[in-house]
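Q: Sharing a structure with you now.
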Amino acid sequence: MKFGWIDLRGVAPQVRDAIVEAALHAKIEGVVDDNATALAALPPTVKRVLLPVAGSTVDSGAQDVVLTRLAQSDDLDRLRLDANGDVSSSAAFVEVIDDPTLKLACAAAIELPTTVVQFRDPTKIPLEIVIAAADKTPGQLICQANDLEEAGIILDVLEKGSDGVMLAPKDANDVFAFADLLRGSTKPLELSTLTVRSIEHNGLGDRVCVDTCTHFEKDEGILVGSYASGFVLCVSETHPLPYMPTRPFRVNAGALHSYTMGVENRTNYLSELKAGSAILAVGADGRTRRVVVGRVKLESRPLLTIRAVAENGTEVSLTVQDDWHVRVLGPGAAVLNVTELKAGDQLLGYLATDKRHVGWPVAEYCVEK
């Protein structure tokens with residue numbers, strides 16, 4: 001999990017106490033300030049990080065980390081000298097404004113245990129370079145974000161992001177949203193084995209293809225079902241077909257009324273998805289990841305309904321396009337053509353214990369059939 005630091009230096013005085021309280025409640029790792037006395041008042045449960053004003057001397061205080069400002073390569077040499085060559089407890093702050101300071105940030109990230117980097121320009125190319133430079137080193141790289149949106153982008157740069165993000169929140173709500181963002185990795189799901197009971201050809205209806213902004217792995221797809229209590233793992237068009245090219249970004253998912261699993265245990269109807277929506281990619285081993293929808297494609301096609309049952313008796317239903325090239329996954333990531341399914345075949349699926357209201361799980365009486 002990524003970690004975050006709350007930067008109090010630019011926070012309005014009237015919201016400072018509320019932000020500190022929120023940071024402690026949300027278990028944010030660190031608090032940054034240029035006032036050692038203010039940091040000393042914080043409890044030891046949070047890391048107290050001092051970033052002195054440029055040119056000032058470091059006041060005595062109870063800080064856990066003191067960031068030394070580095071503006072040129074001589075500053076890094078001086079830091080080594082002051083530490084007698086042992087920089088194992090040193091930390092630095094570098095503002096990247098040009099190529100020399102970018103090289104300085106890379107050098108600090110490689111050598112020091114803690115490096116905080118601020119980028120003047122909005123492009124994330126310099127951050128990519130620093131992340132790549134520090135990739136095999138044990139130190140922690142923290143990047144300053146201007147707002148929550150940028151914090152989210154930073155966490156995804158080069159698919160791994162910086163180790164930590166430093167943010168100056170506007171209010172306590174920003175702190176809690178920041179904490180949620182840092183916890184953003186998706187949890188694995190426990191998949192179930194479903195046994196096909198019947199296949200029914202329905203005639204014409206509307207089906208949805210979901211095109212995402214990423215490649216699916218060969219054992220990945222999305223969970224789709226007619227009932228909120230059960231889903232089938234629909235595989236992407238990653239596998240070769242005899243009459244058309246592979247489309248590893250696409251899942252021919254099902255009829256437009258179907259549910260699909262999204263992030264934070266929320267479902268969406270396929271009809272609700274649009275460019276920019278976030279859904280859950282799921283592997284045959286239950287691993288998950290957040291993927292972004294680039295387009296949905298709704299067309300009228302012949303449909304068929306798959307009815308299956310889980311070992312605990314839960315009934316699962318899925319309506320898909322009635323065509324051989326539409327596929328679902330079975331145990332062991334077996335790729336199964338839906339038109340060739342027969343009673344007794346086994347599929348991979350997911351059973352949800354909650355009913356749904358506008359996509360959110362809710363404990364209520366509800367029958368779907």
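So you can find residues: chains in the structure tokens are A, B, ... in the order shown, residues in each start at 1, and ligands are numbered from 1 in order.
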Can you tell me, as a short mmCIF file (atom, residue, chain, number, x, y, z; two decimals) with C-alpha atoms, in the first residue's frame, what residues are no more than 6 Å from range 256-265 of chain A when counting only C-alpha atoms, ignoring any on the same chain fewer than 4 positions away?

A:
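Final output, saved to part.cif:
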```cif
data_model
loop_
_atom_site.label_atom_id
_atom_site.label_comp_id
_atom_site.auth_asym_id
_atom_site.auth_seq_id
_atom_site.Cartn_x
_atom_site.Cartn_y
_atom_site.Cartn_z
CA ARG A 207 -25.96 -6.93 -26.11
CA VAL A 208 -23.02 -4.84 -24.92
CA LEU A 223 -17.86 -10.64 -13.98
CA VAL A 224 -21.32 -10.40 -15.53
CA GLY A 225 -24.68 -11.74 -14.42
CA SER A 226 -28.42 -11.21 -14.57
CA TYR A 269 -25.68 -2.28 -15.31
CA LEU A 270 -23.88 -2.76 -18.59
CA SER A 271 -26.25 -0.12 -19.98
CA ILE A 279 -14.87 -1.64 -13.65
CA LEU A 280 -13.10 -4.67 -12.21
#
```

Q: Where does range 149-229 of chain A meet range 4-28 of chain A within 6 Å, residue by residue, with the nearest atom pair and distance in Å to one decimal for each, counting only C-alpha atoms, listed by chain and rising number, as a Markdown table?

A:
```
| residue | atom | partner | partner_atom | distance |
| --- | --- | --- | --- | --- |
| A:Gly164 | CA | A:Gly4 | CA | 5.3 |
| A:Val165 | CA | A:Gly4 | CA | 4.9 |
| A:Met166 | CA | A:Trp5 | CA | 4.6 |
| A:Leu167 | CA | A:Ile6 | CA | 5.2 |
| A:Ala168 | CA | A:Asp7 | CA | 4.5 |
| A:Asp171 | CA | A:Ile19 | CA | 6.0 |
| A:Ala172 | CA | A:Ile19 | CA | 4.7 |
```

Q: Residues of range 257-363 of chain A classed as strand (DSSP E or B) by DSSP on the backbone are to be reported as JSON, numbers by chain.

A: {"A": [259, 260, 261, 267, 268, 269, 278, 279, 280, 281, 282, 283, 288, 289, 290, 291, 292, 293, 294, 295, 296, 297, 298, 299, 300, 301, 302, 303, 304, 305, 306, 307, 308, 309, 310, 315, 316, 317, 318, 319, 320, 321, 327, 328, 329, 330, 334, 335, 336, 337, 346, 347, 348, 349, 350, 351, 355, 356, 357, 360, 361, 362]}

Q: Counting only C-alpha atoms, which residues in range 227-267 of chain A sit no more than 10 Å from range 341-353 of chain A? For each one, give the nearest pair of atoms and the distance in Å, sorted by chain then residue number, as a Markdown table.

A:
```
| residue | atom | partner | partner_atom | distance |
| --- | --- | --- | --- | --- |
| A:Tyr227 | CA | A:Ala352 | CA | 9.5 |
| A:Ala228 | CA | A:Ala352 | CA | 6.8 |
| A:Ser229 | CA | A:Ala352 | CA | 4.7 |
| A:Gly230 | CA | A:Leu351 | CA | 4.5 |
| A:Phe231 | CA | A:Tyr350 | CA | 5.1 |
| A:Val232 | CA | A:Gly349 | CA | 4.2 |
| A:Leu233 | CA | A:Gly349 | CA | 5.3 |
| A:Cys234 | CA | A:Leu348 | CA | 8.8 |
| A:Met261 | CA | A:Tyr350 | CA | 9.7 |
| A:Asn265 | CA | A:Ala352 | CA | 9.4 |
```

Q: Taking only C-alpha atoms into account, name the residue in A:Ser90, A:Thr212, A:Ser198, A:Gln321 that is nearest to Pro302 in chain A.

A: A:Gln321

Q: Within 12 Å of range 119-133 of chain A, which residues of range 137-221 of chain A show up? Give each one with its shortest atom-to-atom distance in Å (one decimal) and the two atoms involved, counting only C-alpha atoms, rows by chain then rising residue number, as CSV.

A:
```
residue,atom,partner,partner_atom,distance
A:Thr137,CA,A:Ala133,CA,8.4
A:Pro138,CA,A:Ala133,CA,11.7
A:Gly139,CA,A:Ile131,CA,11.1
A:Gln140,CA,A:Ile131,CA,10.2
A:Leu141,CA,A:Ile131,CA,7.7
A:Ile142,CA,A:Ile131,CA,9.9
A:Cys143,CA,A:Leu127,CA,8.2
A:Gln144,CA,A:Phe119,CA,7.6
A:Ala145,CA,A:Phe119,CA,8.8
A:Asn146,CA,A:Pro122,CA,9.9
A:Glu150,CA,A:Pro122,CA,9.3
A:Ala151,CA,A:Lys124,CA,11.6
A:Ile153,CA,A:Lys124,CA,8.8
A:Ile154,CA,A:Lys124,CA,7.9
A:Leu155,CA,A:Leu127,CA,10.8
A:Asp156,CA,A:Glu128,CA,10.2
A:Val157,CA,A:Glu128,CA,6.5
A:Leu158,CA,A:Glu128,CA,6.4
A:Glu159,CA,A:Glu128,CA,10.0
A:Lys160,CA,A:Ile131,CA,8.6
A:Gly161,CA,A:Ile131,CA,7.2
A:Ser162,CA,A:Ile131,CA,6.4
A:Asp163,CA,A:Ile131,CA,9.0
A:Gly164,CA,A:Ile131,CA,11.4
```

Q: What is the CA of Glu29 in chain A-CA of Val46 in chain A distance in Å, reported with one decimal?

A: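 A separation of 5.7 Å between them.
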
Q: Find the residues near range 181-194 of chain A: any atom within 7 Å, counting only C-alpha atoms, skip ones fewer than 4 places away on the same chain, and give them as a count of residues only.

A: 21

Q: Using Å and a single decimal, report how far CA of Val320 in chain A sits from CA of Val210 in chain A.

A: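 Rounded to one decimal, the two atoms are 12.7 Å apart.
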
Q: Which neighbours of range 67-80 of chain A fall inside 9 Å, counting only C-alpha atoms, when residues of the same chain fewer than 2 positions from it are skipped, and could you give them as a VMD selection string?

A: chain A and resid 49 to 54 65 82 to 87 90 to 96 100 to 101 103 to 105 107 to 108 114 to 116

Q: Per DSSP on the backbone, what are the alpha helix (DSSP H) residues of range 15-137 of chain A, as a ChimeraX atom specification?

A: /A:15-25,36-40,73-82,99-111,125-133

Q: Keeping C-alpha atoms for every residue in the selection just given, could you write it to a file as a short mmCIF file (atom, residue, chain, number, x, y, z; two decimals), in the first residue's frame?

A:
```
data_model
loop_
_atom_site.label_atom_id
_atom_site.label_comp_id
_atom_site.auth_asym_id
_atom_site.auth_seq_id
_atom_site.Cartn_x
_atom_site.Cartn_y
_atom_site.Cartn_z
CA VAL A 15 -9.01 24.39 9.05
CA ARG A 16 -5.61 23.29 10.34
CA ASP A 17 -6.86 21.57 13.51
CA ALA A 18 -9.61 19.72 11.62
CA ILE A 19 -7.11 18.54 9.01
CA VAL A 20 -4.69 17.28 11.67
CA GLU A 21 -7.53 15.46 13.45
CA ALA A 22 -8.64 13.88 10.18
CA ALA A 23 -5.07 12.83 9.34
CA LEU A 24 -4.71 11.11 12.71
CA HIS A 25 -8.12 9.42 12.39
CA ALA A 36 9.22 22.44 14.60
CA THR A 37 7.22 23.59 17.61
CA ALA A 38 3.93 22.76 15.91
CA LEU A 39 5.23 19.34 14.94
CA ALA A 40 6.30 18.67 18.53
CA SER A 73 24.71 19.01 -6.93
CA ASP A 74 26.95 20.81 -4.42
CA ASP A 75 24.10 20.60 -1.91
CA LEU A 76 24.11 16.82 -2.12
CA ASP A 77 27.90 16.80 -1.68
CA ARG A 78 27.51 19.03 1.38
CA LEU A 79 24.88 16.69 2.81
CA ARG A 80 27.28 13.77 2.46
CA LEU A 81 30.02 15.82 4.13
CA ASP A 82 27.80 16.86 7.04
CA ASP A 99 17.46 19.09 -16.39
CA PRO A 100 20.17 19.69 -13.71
CA THR A 101 17.63 19.54 -10.90
CA LEU A 102 16.08 16.45 -12.49
CA LYS A 103 19.48 14.76 -12.39
CA LEU A 104 19.86 15.92 -8.78
CA ALA A 105 16.49 14.39 -7.87
CA CYS A 106 17.54 11.10 -9.47
CA ALA A 107 20.84 11.09 -7.58
CA ALA A 108 19.12 11.81 -4.27
CA ALA A 109 16.47 9.14 -4.85
CA ILE A 110 19.16 6.58 -5.60
CA GLU A 111 21.36 7.42 -2.62
CA ILE A 125 7.82 12.62 -17.80
CA PRO A 126 10.35 13.87 -15.16
CA LEU A 127 8.56 11.80 -12.51
CA GLU A 128 8.79 8.73 -14.74
CA ILE A 129 12.55 9.32 -15.01
CA VAL A 130 13.00 9.64 -11.24
CA ILE A 131 10.86 6.55 -10.56
CA ALA A 132 12.89 4.56 -13.09
CA ALA A 133 16.17 5.78 -11.59
#
```

Q: Just the number, please: distance in Å from CA of Val316 in chain A to CA of Ala255 in chain A, one decimal.

A: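 CA of Ala255 in chain A lies 14.6 Å from CA of Val316 in chain A.
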
Q: Return the single residue from A:Ala281, A:Val326, A:Leu303, A:Ala179 that is closest to Asn252 in chain A, with distances computed using only C-alpha atoms.

A: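 Using only C-alpha atoms, the shortest distance to Asn252 in chain A belongs to A:Val326.
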
Q: May I have the residues within 7 Å of Ile199 in chain A as a PyMOL selection string, using only C-alpha atoms and disregarding those fewer than 2 positions away in the same chain?

A: chain A and resi 201+304-307+342

Q: Taking C-alpha atoms for each residue, export the selection above as an mmCIF file, in the first residue's frame.

A:
```
data_model
loop_
_atom_site.group_PDB
_atom_site.id
_atom_site.type_symbol
_atom_site.label_atom_id
_atom_site.label_comp_id
_atom_site.auth_asym_id
_atom_site.auth_seq_id
_atom_site.Cartn_x
_atom_site.Cartn_y
_atom_site.Cartn_z
ATOM 1 C CA HIS A 201 -31.866 -19.577 -27.187
ATOM 2 C CA LEU A 304 -28.888 -17.062 -25.350
ATOM 3 C CA THR A 305 -29.295 -17.520 -21.609
ATOM 4 C CA ILE A 306 -26.985 -19.684 -19.533
ATOM 5 C CA ARG A 307 -28.487 -21.007 -16.309
ATOM 6 C CA LYS A 342 -24.197 -28.147 -22.217
#
```
